[in-house]
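Peer 1: Just passing along the structure, written as structure tokens.
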Amino acid sequence: MKNEVSICREVPCASSPLNRRMVRLDNVSKQFNGARKITALNNITLDIDRGEIVSIVGPSGSGKSTLLNLIGTLDRPTTGSIRIDGQDLSSLNDPNLTLLRREKIGFVFQFFNLLPSLTCLQNVGLPLHLRGWAGSMVRERARALLDLVGLRERAEHLPDELSGGERQRVAIARAVASEPPLLLADEPTGNLDSHAGKEILALLQDLHERFGSTIVLVTHDESIAAFGTRRITLRDARIVEEHRR
Amino acid sequence: MTLLRLISWQYARKHSLRSLLTTVGIVLGVAIFIGMHAVGASVLLALNTTIDRIAGKTQLQVTADEAGFPEEVLERVQAVPVVAAAAPAIEAVVQTGIKEQGNLLIIGVDMTGDRSLRQYDLEDGDQDIVDDPLVFLAQPDSLIVTRDFARRTGLGSGSKLTMQTMDGEREFTIRGVMRPGGLSSAFGGNLAVMDIYAAQKVFGRGRRFDRIDIGLKDECPLEKGEAALRQALGPGFEVDMPAARGRQFDSLLHVYSFMVNLTSVFALMIGLFIIYNTFAVAVTERRTEIGTLRALGATRRQVIELFLIESAIAGLVGSILGIAFGSLIANTLAGYIGDVMMAQYGIALGANRVNLSSTLIITATLLGTATSILAAMIPARNAARIDPVRALQRGRYQMLSAGENRMRRRAAALFAVLPLSRGFLSGILLFCLGCSAGYAYALHVAFAPAEASADAAEAG
């Protein structure tokens, strides 16, 4: 608790200029109606400014991943509204939501989620293919990114031929391929040893400085959470603490 | 196309056996469709060609029921003002008893009137036979055979030929040999001409004819001649162009085609279910991959297109292979059916007669591709509906959608009930046998009139 601490703000800060704000959640709740009703997020209000690195921490089941999925437009809130780069998600249909995700958001998953039948180069180039880039441009860009994450010589390797740390580097290269303004990482070091984990954080820091992306990082590891310039703690579906460094 | 190469092609390569199975489903359906239709078309072509060659210059033909009609009808026909020439004819298929030569089609004609409609181009020295009709009248055992038949059997003018008639085995004398071409090439050359009045006696027709071939006066259009003859003869007679006799076979072949189409649909349905299942399994297997793609920004439409294009390519490849395989089937079947037709009816249907029309090829390609796309629609839609959040959760990728579960439960129930229904299975078996038998039946019925007449006369 070395920096200022603020409790979840129920009312959004209206004075903040919209162009500075990358993510804005306004009274967002998410419920899952299965055999029993589960409230994963309860009345969350949160602003994340452009260029911030935000760590979201909390115990299992606190709603971290659900929050990340909502910000990542992979899911929709039960109530409340979400804006990404000023765009209200509730006004978008699925194709437009997908296009927004494609243009503005990059994902880094805990289990990498690389396509096993594609080479590293092809995996990194995949988001660019989805955007309709020409093949030669995709290859050039993917090679440059692999070079950036230190895997130039692994370009033609399949994911199965790489270590966990290397796979996550490829996944990060893929996430930043189209230079999205928002990078979401769900336990990016959760499946790695501590050494590889540190390397990944260093890489994320480096890419943040290069591309200026806003990074939202979900982790249950306090040491990883310290990576962020801001730390948000979730518990029982609510934001209970917020630290700025 | 890049996504197709990156995603689909890699998956197909990795699961080559499954991809092959997917394609085989379409190959089978298209092959049956192509094979049966091509053979059917060839059979019809062979029948029509034969009819045309026998018909010669005949413009119209008068026929009645299977027992033919009395001789007096000829006078009524000749009395119609628009008729320039009218020649009665009798046809019968007989066994020659010569090994591997099959049956012989005997056409009984009145040489005096018939030559105005058909030319009998005989070999040197034999021309007198047709020039002098008394040769036939005085010697009712006379036959003119084709050069092809004479060469194959080693017979010639003056040779004796024993055939099965209404009076049992009877010996005939070959008085002339026709040169190749025209009538001579009909029925694969297994054709002989004899005097019609001798044929009436030999084949037990009494004083009846099977048909009358008619040539109209030059200025008379076909429609007018047909109308005049119908009016003169009244009900109970058919007046048609010779090709219309082909239409009789055509209608029989339509029955056959219907059965072929059902078989093809059945085969394509099997292909459809194979493709549906392989794609449903693929969607389940690729759930994480699809979830990743969706997370990276692939739209639902892109996912659907990916699967549909995959299925279209599988369908197209399957169709092309099916057409090639179907062509093989057609040629094999044509060889077999050709042997049967030659042996039973003397109609030549060589393997080289099986031609795949562009219409048939296009239809088969569209059918195969469309079936494949249709089969992949539900799995493609399910793929597009995959929730990326759930798909990316470890251990959840094997879950099926509620729709898939319902469909699988229904399919399982159906397949559980099917074995209990022996009647249904017997029906399928009978159906398949019926399709094979259909061909033989169509051919049998097509040539039944001559045989039926003989039977009727025998009964009388």
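Ordering of the structure tokens sets the chain letters (A, B, ...); residue numbers start at 1 within each chain; ligands are numbered from 1 in the order shown.
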Compute the chain B side of the contact with chain A at 9 Å, counting only C-alpha atoms, and hand it back as a PyMOL selection string.
Peer 2: chain B and resi 2-3+6-7+10-11+14+288-289+292-302+387-389+392+394
Peer 1: Taking the backbone alone, and naming residues the way the document does, which bits of stretch 1-244 of chain A are helix (DSSP H, G or I) by DSSP, as a PDB file with N, CA and C atoms, in the first residue's frame?
Peer 2:
ATOM      1  N   LEU A  18     -12.608  12.207 -22.644  1.00  0.00           N
ATOM      2  CA  LEU A  18     -12.903  10.885 -23.212  1.00  0.00           C
ATOM      3  C   LEU A  18     -11.736  10.337 -24.013  1.00  0.00           C
ATOM      4  N   ASN A  19     -11.023  11.201 -24.686  1.00  0.00           N
ATOM      5  CA  ASN A  19      -9.946  10.692 -25.527  1.00  0.00           C
ATOM      6  C   ASN A  19      -8.781  10.124 -24.716  1.00  0.00           C
ATOM      7  N   ARG A  20      -8.746  10.459 -23.446  1.00  0.00           N
ATOM      8  CA  ARG A  20      -7.708   9.899 -22.582  1.00  0.00           C
ATOM      9  C   ARG A  20      -8.116   8.530 -22.063  1.00  0.00           C
ATOM     10  N   LYS A  64     -12.046 -11.815 -11.764  1.00  0.00           N
ATOM     11  CA  LYS A  64     -10.959 -11.187 -12.554  1.00  0.00           C
ATOM     12  C   LYS A  64     -11.105 -11.499 -14.055  1.00  0.00           C
ATOM     13  N   SER A  65     -11.200 -12.814 -14.342  1.00  0.00           N
ATOM     14  CA  SER A  65     -11.261 -13.207 -15.758  1.00  0.00           C
ATOM     15  C   SER A  65     -12.541 -12.718 -16.418  1.00  0.00           C
ATOM     16  N   THR A  66     -13.629 -12.728 -15.640  1.00  0.00           N
ATOM     17  CA  THR A  66     -14.898 -12.228 -16.185  1.00  0.00           C
ATOM     18  C   THR A  66     -14.763 -10.758 -16.561  1.00  0.00           C
ATOM     19  N   LEU A  67     -14.100 -10.003 -15.697  1.00  0.00           N
ATOM     20  CA  LEU A  67     -13.886  -8.582 -15.971  1.00  0.00           C
ATOM     21  C   LEU A  67     -13.052  -8.406 -17.246  1.00  0.00           C
ATOM     22  N   LEU A  68     -12.021  -9.233 -17.363  1.00  0.00           N
ATOM     23  CA  LEU A  68     -11.154  -9.138 -18.541  1.00  0.00           C
ATOM     24  C   LEU A  68     -11.933  -9.503 -19.821  1.00  0.00           C
ATOM     25  N   ASN A  69     -12.790 -10.542 -19.707  1.00  0.00           N
ATOM     26  CA  ASN A  69     -13.586 -10.950 -20.876  1.00  0.00           C
ATOM     27  C   ASN A  69     -14.562  -9.855 -21.298  1.00  0.00           C
ATOM     28  N   LEU A  70     -15.105  -9.165 -20.318  1.00  0.00           N
ATOM     29  CA  LEU A  70     -16.036  -8.075 -20.639  1.00  0.00           C
ATOM     30  C   LEU A  70     -15.295  -6.923 -21.311  1.00  0.00           C
ATOM     31  N   ILE A  71     -14.123  -6.574 -20.758  1.00  0.00           N
ATOM     32  CA  ILE A  71     -13.334  -5.496 -21.369  1.00  0.00           C
ATOM     33  C   ILE A  71     -12.883  -5.915 -22.768  1.00  0.00           C
ATOM     34  N   LEU A  89     -20.167  -0.352 -26.118  1.00  0.00           N
ATOM     35  CA  LEU A  89     -20.275  -1.721 -26.645  1.00  0.00           C
ATOM     36  C   LEU A  89     -21.724  -2.172 -26.788  1.00  0.00           C
ATOM     37  N   SER A  90     -22.603  -1.632 -25.951  1.00  0.00           N
ATOM     38  CA  SER A  90     -24.001  -2.087 -26.010  1.00  0.00           C
ATOM     39  C   SER A  90     -24.662  -1.682 -27.332  1.00  0.00           C
ATOM     40  N   SER A  91     -24.067  -0.690 -28.004  1.00  0.00           N
ATOM     41  CA  SER A  91     -24.671  -0.245 -29.270  1.00  0.00           C
ATOM     42  C   SER A  91     -24.164  -1.055 -30.458  1.00  0.00           C
ATOM     43  N   ASP A  94     -22.873  -8.121 -33.015  1.00  0.00           N
ATOM     44  CA  ASP A  94     -21.720  -9.028 -32.906  1.00  0.00           C
ATOM     45  C   ASP A  94     -20.636  -8.765 -33.958  1.00  0.00           C
ATOM     46  N   PRO A  95     -20.997  -8.576 -35.243  1.00  0.00           N
ATOM     47  CA  PRO A  95     -19.931  -8.325 -36.222  1.00  0.00           C
ATOM     48  C   PRO A  95     -19.126  -7.065 -35.898  1.00  0.00           C
ATOM     49  N   ASN A  96     -19.823  -6.005 -35.476  1.00  0.00           N
ATOM     50  CA  ASN A  96     -19.115  -4.760 -35.167  1.00  0.00           C
ATOM     51  C   ASN A  96     -18.270  -4.882 -33.895  1.00  0.00           C
ATOM     52  N   LEU A  97     -18.809  -5.669 -32.959  1.00  0.00           N
ATOM     53  CA  LEU A  97     -18.053  -5.919 -31.731  1.00  0.00           C
ATOM     54  C   LEU A  97     -16.765  -6.680 -32.068  1.00  0.00           C
ATOM     55  N   THR A  98     -16.895  -7.650 -32.988  1.00  0.00           N
ATOM     56  CA  THR A  98     -15.723  -8.425 -33.408  1.00  0.00           C
ATOM     57  C   THR A  98     -14.713  -7.520 -34.109  1.00  0.00           C
ATOM     58  N   LEU A  99     -15.218  -6.616 -34.947  1.00  0.00           N
ATOM     59  CA  LEU A  99     -14.315  -5.704 -35.653  1.00  0.00           C
ATOM     60  C   LEU A  99     -13.585  -4.779 -34.672  1.00  0.00           C
ATOM     61  N   LEU A 100     -14.327  -4.320 -33.657  1.00  0.00           N
ATOM     62  CA  LEU A 100     -13.697  -3.475 -32.641  1.00  0.00           C
ATOM     63  C   LEU A 100     -12.591  -4.259 -31.918  1.00  0.00           C
ATOM     64  N   ARG A 101     -12.903  -5.514 -31.596  1.00  0.00           N
ATOM     65  CA  ARG A 101     -11.923  -6.378 -30.915  1.00  0.00           C
ATOM     66  C   ARG A 101     -10.683  -6.551 -31.793  1.00  0.00           C
ATOM     67  N   ARG A 102     -10.944  -6.769 -33.083  1.00  0.00           N
ATOM     68  CA  ARG A 102      -9.849  -6.986 -34.027  1.00  0.00           C
ATOM     69  C   ARG A 102      -8.948  -5.752 -34.127  1.00  0.00           C
ATOM     70  N   GLU A 103      -9.577  -4.583 -34.111  1.00  0.00           N
ATOM     71  CA  GLU A 103      -8.834  -3.346 -34.334  1.00  0.00           C
ATOM     72  C   GLU A 103      -8.154  -2.825 -33.072  1.00  0.00           C
ATOM     73  N   LYS A 104      -8.784  -3.025 -31.935  1.00  0.00           N
ATOM     74  CA  LYS A 104      -8.328  -2.290 -30.746  1.00  0.00           C
ATOM     75  C   LYS A 104      -7.780  -3.150 -29.615  1.00  0.00           C
ATOM     76  N   CYS A 120       5.407 -20.517 -35.873  1.00  0.00           N
ATOM     77  CA  CYS A 120       5.400 -19.284 -35.067  1.00  0.00           C
ATOM     78  C   CYS A 120       5.098 -18.081 -35.957  1.00  0.00           C
ATOM     79  N   LEU A 121       5.716 -18.064 -37.115  1.00  0.00           N
ATOM     80  CA  LEU A 121       5.523 -16.949 -38.040  1.00  0.00           C
ATOM     81  C   LEU A 121       4.046 -16.831 -38.438  1.00  0.00           C
ATOM     82  N   GLN A 122       3.448 -17.975 -38.739  1.00  0.00           N
ATOM     83  CA  GLN A 122       2.034 -17.962 -39.156  1.00  0.00           C
ATOM     84  C   GLN A 122       1.130 -17.560 -38.003  1.00  0.00           C
ATOM     85  N   ASN A 123       1.455 -18.039 -36.792  1.00  0.00           N
ATOM     86  CA  ASN A 123       0.653 -17.664 -35.623  1.00  0.00           C
ATOM     87  C   ASN A 123       0.688 -16.159 -35.394  1.00  0.00           C
ATOM     88  N   VAL A 124       1.869 -15.588 -35.501  1.00  0.00           N
ATOM     89  CA  VAL A 124       1.998 -14.143 -35.257  1.00  0.00           C
ATOM     90  C   VAL A 124       1.250 -13.355 -36.334  1.00  0.00           C
ATOM     91  N   GLY A 125       1.271 -13.886 -37.548  1.00  0.00           N
ATOM     92  CA  GLY A 125       0.631 -13.171 -38.653  1.00  0.00           C
ATOM     93  C   GLY A 125      -0.879 -13.322 -38.716  1.00  0.00           C
ATOM     94  N   LEU A 126      -1.415 -14.242 -37.912  1.00  0.00           N
ATOM     95  CA  LEU A 126      -2.852 -14.551 -38.007  1.00  0.00           C
ATOM     96  C   LEU A 126      -3.774 -13.326 -37.857  1.00  0.00           C
ATOM     97  N   PRO A 127      -3.583 -12.477 -36.837  1.00  0.00           N
ATOM     98  CA  PRO A 127      -4.484 -11.305 -36.713  1.00  0.00           C
ATOM     99  C   PRO A 127      -4.401 -10.384 -37.932  1.00  0.00           C
ATOM    100  N   LEU A 128      -3.232 -10.361 -38.549  1.00  0.00           N
ATOM    101  CA  LEU A 128      -3.070  -9.489 -39.724  1.00  0.00           C
ATOM    102  C   LEU A 128      -3.795 -10.079 -40.931  1.00  0.00           C
ATOM    103  N   HIS A 129      -3.766 -11.418 -41.033  1.00  0.00           N
ATOM    104  CA  HIS A 129      -4.553 -12.067 -42.097  1.00  0.00           C
ATOM    105  C   HIS A 129      -6.035 -11.758 -41.910  1.00  0.00           C
ATOM    106  N   LEU A 130      -6.478 -11.802 -40.642  1.00  0.00           N
ATOM    107  CA  LEU A 130      -7.892 -11.510 -40.365  1.00  0.00           C
ATOM    108  C   LEU A 130      -8.245 -10.079 -40.756  1.00  0.00           C
ATOM    109  N   GLY A 135      -0.149 -11.056 -48.006  1.00  0.00           N
ATOM    110  CA  GLY A 135       0.713 -12.096 -47.446  1.00  0.00           C
ATOM    111  C   GLY A 135       2.146 -11.622 -47.204  1.00  0.00           C
ATOM    112  N   SER A 136       2.710 -10.887 -48.153  1.00  0.00           N
ATOM    113  CA  SER A 136       4.118 -10.457 -48.014  1.00  0.00           C
ATOM    114  C   SER A 136       4.267  -9.479 -46.844  1.00  0.00           C
ATOM    115  N   MET A 137       3.282  -8.592 -46.701  1.00  0.00           N
ATOM    116  CA  MET A 137       3.330  -7.626 -45.598  1.00  0.00           C
ATOM    117  C   MET A 137       3.196  -8.341 -44.257  1.00  0.00           C
ATOM    118  N   VAL A 138       2.328  -9.353 -44.236  1.00  0.00           N
ATOM    119  CA  VAL A 138       2.122 -10.113 -42.999  1.00  0.00           C
ATOM    120  C   VAL A 138       3.426 -10.790 -42.592  1.00  0.00           C
ATOM    121  N   ARG A 139       4.073 -11.433 -43.563  1.00  0.00           N
ATOM    122  CA  ARG A 139       5.323 -12.148 -43.256  1.00  0.00           C
ATOM    123  C   ARG A 139       6.403 -11.173 -42.751  1.00  0.00           C
ATOM    124  N   GLU A 140       6.486 -10.036 -43.414  1.00  0.00           N
ATOM    125  CA  GLU A 140       7.496  -9.042 -43.034  1.00  0.00           C
ATOM    126  C   GLU A 140       7.259  -8.556 -41.601  1.00  0.00           C
ATOM    127  N   ARG A 141       6.008  -8.241 -41.323  1.00  0.00           N
ATOM    128  CA  ARG A 141       5.641  -7.733 -39.997  1.00  0.00           C
ATOM    129  C   ARG A 141       5.848  -8.822 -38.930  1.00  0.00           C
ATOM    130  N   ALA A 142       5.428 -10.064 -39.253  1.00  0.00           N
ATOM    131  CA  ALA A 142       5.545 -11.157 -38.283  1.00  0.00           C
ATOM    132  C   ALA A 142       7.017 -11.440 -37.976  1.00  0.00           C
ATOM    133  N   ARG A 143       7.868 -11.377 -38.990  1.00  0.00           N
ATOM    134  CA  ARG A 143       9.308 -11.601 -38.771  1.00  0.00           C
ATOM    135  C   ARG A 143       9.885 -10.508 -37.863  1.00  0.00           C
ATOM    136  N   ALA A 144       9.478  -9.275 -38.125  1.00  0.00           N
ATOM    137  CA  ALA A 144       9.971  -8.157 -37.311  1.00  0.00           C
ATOM    138  C   ALA A 144       9.555  -8.334 -35.853  1.00  0.00           C
ATOM    139  N   LEU A 145       8.312  -8.799 -35.632  1.00  0.00           N
ATOM    140  CA  LEU A 145       7.815  -8.984 -34.271  1.00  0.00           C
ATOM    141  C   LEU A 145       8.527 -10.141 -33.585  1.00  0.00           C
ATOM    142  N   LEU A 146       8.769 -11.219 -34.339  1.00  0.00           N
ATOM    143  CA  LEU A 146       9.490 -12.346 -33.743  1.00  0.00           C
ATOM    144  C   LEU A 146      10.915 -11.916 -33.390  1.00  0.00           C
ATOM    145  N   ASP A 147      11.469 -11.065 -34.213  1.00  0.00           N
ATOM    146  CA  ASP A 147      12.793 -10.518 -33.936  1.00  0.00           C
ATOM    147  C   ASP A 147      12.750  -9.709 -32.634  1.00  0.00           C
ATOM    148  N   LEU A 148      11.662  -8.945 -32.502  1.00  0.00           N
ATOM    149  CA  LEU A 148      11.484  -8.091 -31.329  1.00  0.00           C
ATOM    150  C   LEU A 148      11.388  -8.910 -30.037  1.00  0.00           C
ATOM    151  N   ARG A 152      13.599 -14.855 -33.589  1.00  0.00           N
ATOM    152  CA  ARG A 152      13.776 -14.813 -35.035  1.00  0.00           C
ATOM    153  C   ARG A 152      14.088 -16.198 -35.603  1.00  0.00           C
ATOM    154  N   GLU A 153      14.958 -16.898 -34.897  1.00  0.00           N
ATOM    155  CA  GLU A 153      15.394 -18.210 -35.409  1.00  0.00           C
ATOM    156  C   GLU A 153      14.320 -19.289 -35.249  1.00  0.00           C
ATOM    157  N   ARG A 154      13.264 -18.957 -34.516  1.00  0.00           N
ATOM    158  CA  ARG A 154      12.189 -19.948 -34.285  1.00  0.00           C
ATOM    159  C   ARG A 154      10.994 -19.727 -35.225  1.00  0.00           C
ATOM    160  N   PRO A 159       4.605 -24.549 -32.445  1.00  0.00           N
ATOM    161  CA  PRO A 159       4.546 -24.254 -31.004  1.00  0.00           C
ATOM    162  C   PRO A 159       5.024 -25.411 -30.131  1.00  0.00           C
ATOM    163  N   ASP A 160       4.722 -26.634 -30.551  1.00  0.00           N
ATOM    164  CA  ASP A 160       5.118 -27.798 -29.754  1.00  0.00           C
ATOM    165  C   ASP A 160       6.634 -27.909 -29.608  1.00  0.00           C
ATOM    166  N   GLU A 161       7.351 -27.249 -30.480  1.00  0.00           N
ATOM    167  CA  GLU A 161       8.816 -27.343 -30.452  1.00  0.00           C
ATOM    168  C   GLU A 161       9.449 -26.254 -29.573  1.00  0.00           C
ATOM    169  N   GLY A 164       7.727 -23.189 -22.762  1.00  0.00           N
ATOM    170  CA  GLY A 164       6.570 -22.394 -22.357  1.00  0.00           C
ATOM    171  C   GLY A 164       6.814 -20.899 -22.514  1.00  0.00           C
ATOM    172  N   GLY A 165       7.993 -20.456 -22.087  1.00  0.00           N
ATOM    173  CA  GLY A 165       8.327 -19.031 -22.167  1.00  0.00           C
ATOM    174  C   GLY A 165       8.356 -18.556 -23.610  1.00  0.00           C
ATOM    175  N   GLU A 166       8.910 -19.402 -24.473  1.00  0.00           N
ATOM    176  CA  GLU A 166       8.987 -19.030 -25.895  1.00  0.00           C
ATOM    177  C   GLU A 166       7.587 -18.964 -26.509  1.00  0.00           C
ATOM    178  N   ARG A 167       6.754 -19.898 -26.117  1.00  0.00           N
ATOM    179  CA  ARG A 167       5.376 -19.883 -26.656  1.00  0.00           C
ATOM    180  C   ARG A 167       4.664 -18.596 -26.247  1.00  0.00           C
ATOM    181  N   GLN A 168       4.888 -18.189 -24.969  1.00  0.00           N
ATOM    182  CA  GLN A 168       4.212 -16.979 -24.529  1.00  0.00           C
ATOM    183  C   GLN A 168       4.773 -15.752 -25.260  1.00  0.00           C
ATOM    184  N   ARG A 169       6.041 -15.793 -25.614  1.00  0.00           N
ATOM    185  CA  ARG A 169       6.626 -14.688 -26.388  1.00  0.00           C
ATOM    186  C   ARG A 169       5.953 -14.600 -27.765  1.00  0.00           C
ATOM    187  N   VAL A 170       5.759 -15.789 -28.351  1.00  0.00           N
ATOM    188  CA  VAL A 170       5.079 -15.811 -29.663  1.00  0.00           C
ATOM    189  C   VAL A 170       3.656 -15.262 -29.510  1.00  0.00           C
ATOM    190  N   ALA A 171       2.995 -15.691 -28.426  1.00  0.00           N
ATOM    191  CA  ALA A 171       1.612 -15.232 -28.198  1.00  0.00           C
ATOM    192  C   ALA A 171       1.571 -13.711 -28.011  1.00  0.00           C
ATOM    193  N   ILE A 172       2.584 -13.169 -27.333  1.00  0.00           N
ATOM    194  CA  ILE A 172       2.630 -11.715 -27.131  1.00  0.00           C
ATOM    195  C   ILE A 172       2.889 -11.008 -28.462  1.00  0.00           C
ATOM    196  N   ALA A 173       3.788 -11.589 -29.241  1.00  0.00           N
ATOM    197  CA  ALA A 173       4.052 -11.012 -30.571  1.00  0.00           C
ATOM    198  C   ALA A 173       2.765 -10.993 -31.397  1.00  0.00           C
ATOM    199  N   ARG A 174       1.996 -12.079 -31.287  1.00  0.00           N
ATOM    200  CA  ARG A 174       0.718 -12.137 -32.006  1.00  0.00           C
ATOM    201  C   ARG A 174      -0.242 -11.065 -31.480  1.00  0.00           C
ATOM    202  N   ALA A 175      -0.261 -10.888 -30.152  1.00  0.00           N
ATOM    203  CA  ALA A 175      -1.198  -9.932 -29.544  1.00  0.00           C
ATOM    204  C   ALA A 175      -0.909  -8.489 -29.981  1.00  0.00           C
ATOM    205  N   SER A 194       9.345 -19.004 -12.715  1.00  0.00           N
ATOM    206  CA  SER A 194       9.539 -17.611 -12.303  1.00  0.00           C
ATOM    207  C   SER A 194      10.499 -16.866 -13.238  1.00  0.00           C
ATOM    208  N   HIS A 195      11.520 -17.572 -13.715  1.00  0.00           N
ATOM    209  CA  HIS A 195      12.483 -16.926 -14.603  1.00  0.00           C
ATOM    210  C   HIS A 195      11.806 -16.506 -15.908  1.00  0.00           C
ATOM    211  N   ALA A 196      11.085 -17.466 -16.483  1.00  0.00           N
ATOM    212  CA  ALA A 196      10.381 -17.161 -17.741  1.00  0.00           C
ATOM    213  C   ALA A 196       9.336 -16.088 -17.510  1.00  0.00           C
ATOM    214  N   GLY A 197       8.696 -16.138 -16.328  1.00  0.00           N
ATOM    215  CA  GLY A 197       7.685 -15.148 -15.994  1.00  0.00           C
ATOM    216  C   GLY A 197       8.266 -13.744 -15.988  1.00  0.00           C
ATOM    217  N   LYS A 198       9.444 -13.607 -15.402  1.00  0.00           N
ATOM    218  CA  LYS A 198      10.090 -12.290 -15.346  1.00  0.00           C
ATOM    219  C   LYS A 198      10.437 -11.806 -16.754  1.00  0.00           C
ATOM    220  N   GLU A 199      10.889 -12.724 -17.569  1.00  0.00           N
ATOM    221  CA  GLU A 199      11.228 -12.361 -18.953  1.00  0.00           C
ATOM    222  C   GLU A 199      10.000 -11.845 -19.703  1.00  0.00           C
ATOM    223  N   ILE A 200       8.888 -12.506 -19.440  1.00  0.00           N
ATOM    224  CA  ILE A 200       7.645 -12.091 -20.118  1.00  0.00           C
ATOM    225  C   ILE A 200       7.229 -10.703 -19.654  1.00  0.00           C
ATOM    226  N   LEU A 201       7.342 -10.457 -18.365  1.00  0.00           N
ATOM    227  CA  LEU A 201       6.987  -9.126 -17.846  1.00  0.00           C
ATOM    228  C   LEU A 201       7.897  -8.052 -18.427  1.00  0.00           C
ATOM    229  N   ALA A 202       9.169  -8.401 -18.515  1.00  0.00           N
ATOM    230  CA  ALA A 202      10.120  -7.446 -19.101  1.00  0.00           C
ATOM    231  C   ALA A 202       9.759  -7.161 -20.549  1.00  0.00           C
ATOM    232  N   LEU A 203       9.355  -8.201 -21.230  1.00  0.00           N
ATOM    233  CA  LEU A 203       8.964  -8.041 -22.635  1.00  0.00           C
ATOM    234  C   LEU A 203       7.714  -7.156 -22.745  1.00  0.00           C
ATOM    235  N   LEU A 204       6.752  -7.417 -21.855  1.00  0.00           N
ATOM    236  CA  LEU A 204       5.528  -6.595 -21.877  1.00  0.00           C
ATOM    237  C   LEU A 204       5.863  -5.127 -21.611  1.00  0.00           C
ATOM    238  N   GLN A 205       6.759  -4.916 -20.666  1.00  0.00           N
ATOM    239  CA  GLN A 205       7.181  -3.549 -20.344  1.00  0.00           C
ATOM    240  C   GLN A 205       7.827  -2.889 -21.567  1.00  0.00           C
ATOM    241  N   ASP A 206       8.687  -3.652 -22.224  1.00  0.00           N
ATOM    242  CA  ASP A 206       9.386  -3.153 -23.411  1.00  0.00           C
ATOM    243  C   ASP A 206       8.387  -2.786 -24.520  1.00  0.00           C
ATOM    244  N   LEU A 207       7.434  -3.681 -24.732  1.00  0.00           N
ATOM    245  CA  LEU A 207       6.435  -3.437 -25.788  1.00  0.00           C
ATOM    246  C   LEU A 207       5.533  -2.250 -25.424  1.00  0.00           C
ATOM    247  N   HIS A 208       5.255  -2.126 -24.127  1.00  0.00           N
ATOM    248  CA  HIS A 208       4.438  -1.002 -23.661  1.00  0.00           C
ATOM    249  C   HIS A 208       5.144   0.322 -23.990  1.00  0.00           C
ATOM    250  N   GLU A 209       6.446   0.322 -23.785  1.00  0.00           N
ATOM    251  CA  GLU A 209       7.210   1.545 -24.066  1.00  0.00           C
ATOM    252  C   GLU A 209       7.292   1.811 -25.570  1.00  0.00           C
ATOM    253  N   ARG A 210       7.395   0.752 -26.335  1.00  0.00           N
ATOM    254  CA  ARG A 210       7.496   0.910 -27.786  1.00  0.00           C
ATOM    255  C   ARG A 210       6.166   1.357 -28.404  1.00  0.00           C
ATOM    256  N   PHE A 211       5.085   0.636 -28.036  1.00  0.00           N
ATOM    257  CA  PHE A 211       3.794   0.859 -28.706  1.00  0.00           C
ATOM    258  C   PHE A 211       2.852   1.759 -27.918  1.00  0.00           C
ATOM    259  N   GLU A 222       0.946 -11.650  -6.419  1.00  0.00           N
ATOM    260  CA  GLU A 222       1.200 -10.283  -5.970  1.00  0.00           C
ATOM    261  C   GLU A 222       2.451  -9.688  -6.616  1.00  0.00           C
ATOM    262  N   SER A 223       3.486 -10.527  -6.794  1.00  0.00           N
ATOM    263  CA  SER A 223       4.734 -10.005  -7.363  1.00  0.00           C
ATOM    264  C   SER A 223       4.536  -9.589  -8.817  1.00  0.00           C
ATOM    265  N   ILE A 224       3.678 -10.303  -9.514  1.00  0.00           N
ATOM    266  CA  ILE A 224       3.382  -9.947 -10.907  1.00  0.00           C
ATOM    267  C   ILE A 224       2.525  -8.682 -10.933  1.00  0.00           C
ATOM    268  N   ALA A 225       1.642  -8.605  -9.948  1.00  0.00           N
ATOM    269  CA  ALA A 225       0.738  -7.448  -9.892  1.00  0.00           C
ATOM    270  C   ALA A 225       1.517  -6.146  -9.730  1.00  0.00           C
TER     271      ALA A 225
END
Peer 1: What is the distance between atom CA of A:Val54 and atom CA of A:Ile82, in Å to one decimal?
Peer 2: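 These atoms are spaced 16.8 Å apart.
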Peer 1: Neighbours of A:Ser62 within 7 Å (only C-alpha atoms; same-chain residues fewer than 3 positions away dropped), as number ranges by chain?
Peer 2: A: 40, 58-59, 234-237
Peer 1: Tell me which protein, DNA and RNA residues are within 8 Å of stretch 143-147 of chain B, counting only C-alpha atoms, leaving out same-chain ones fewer than 6 positions away, and put them as a ChimeraX atom specification.
Peer 2: /B:172-180,184-185,189-195
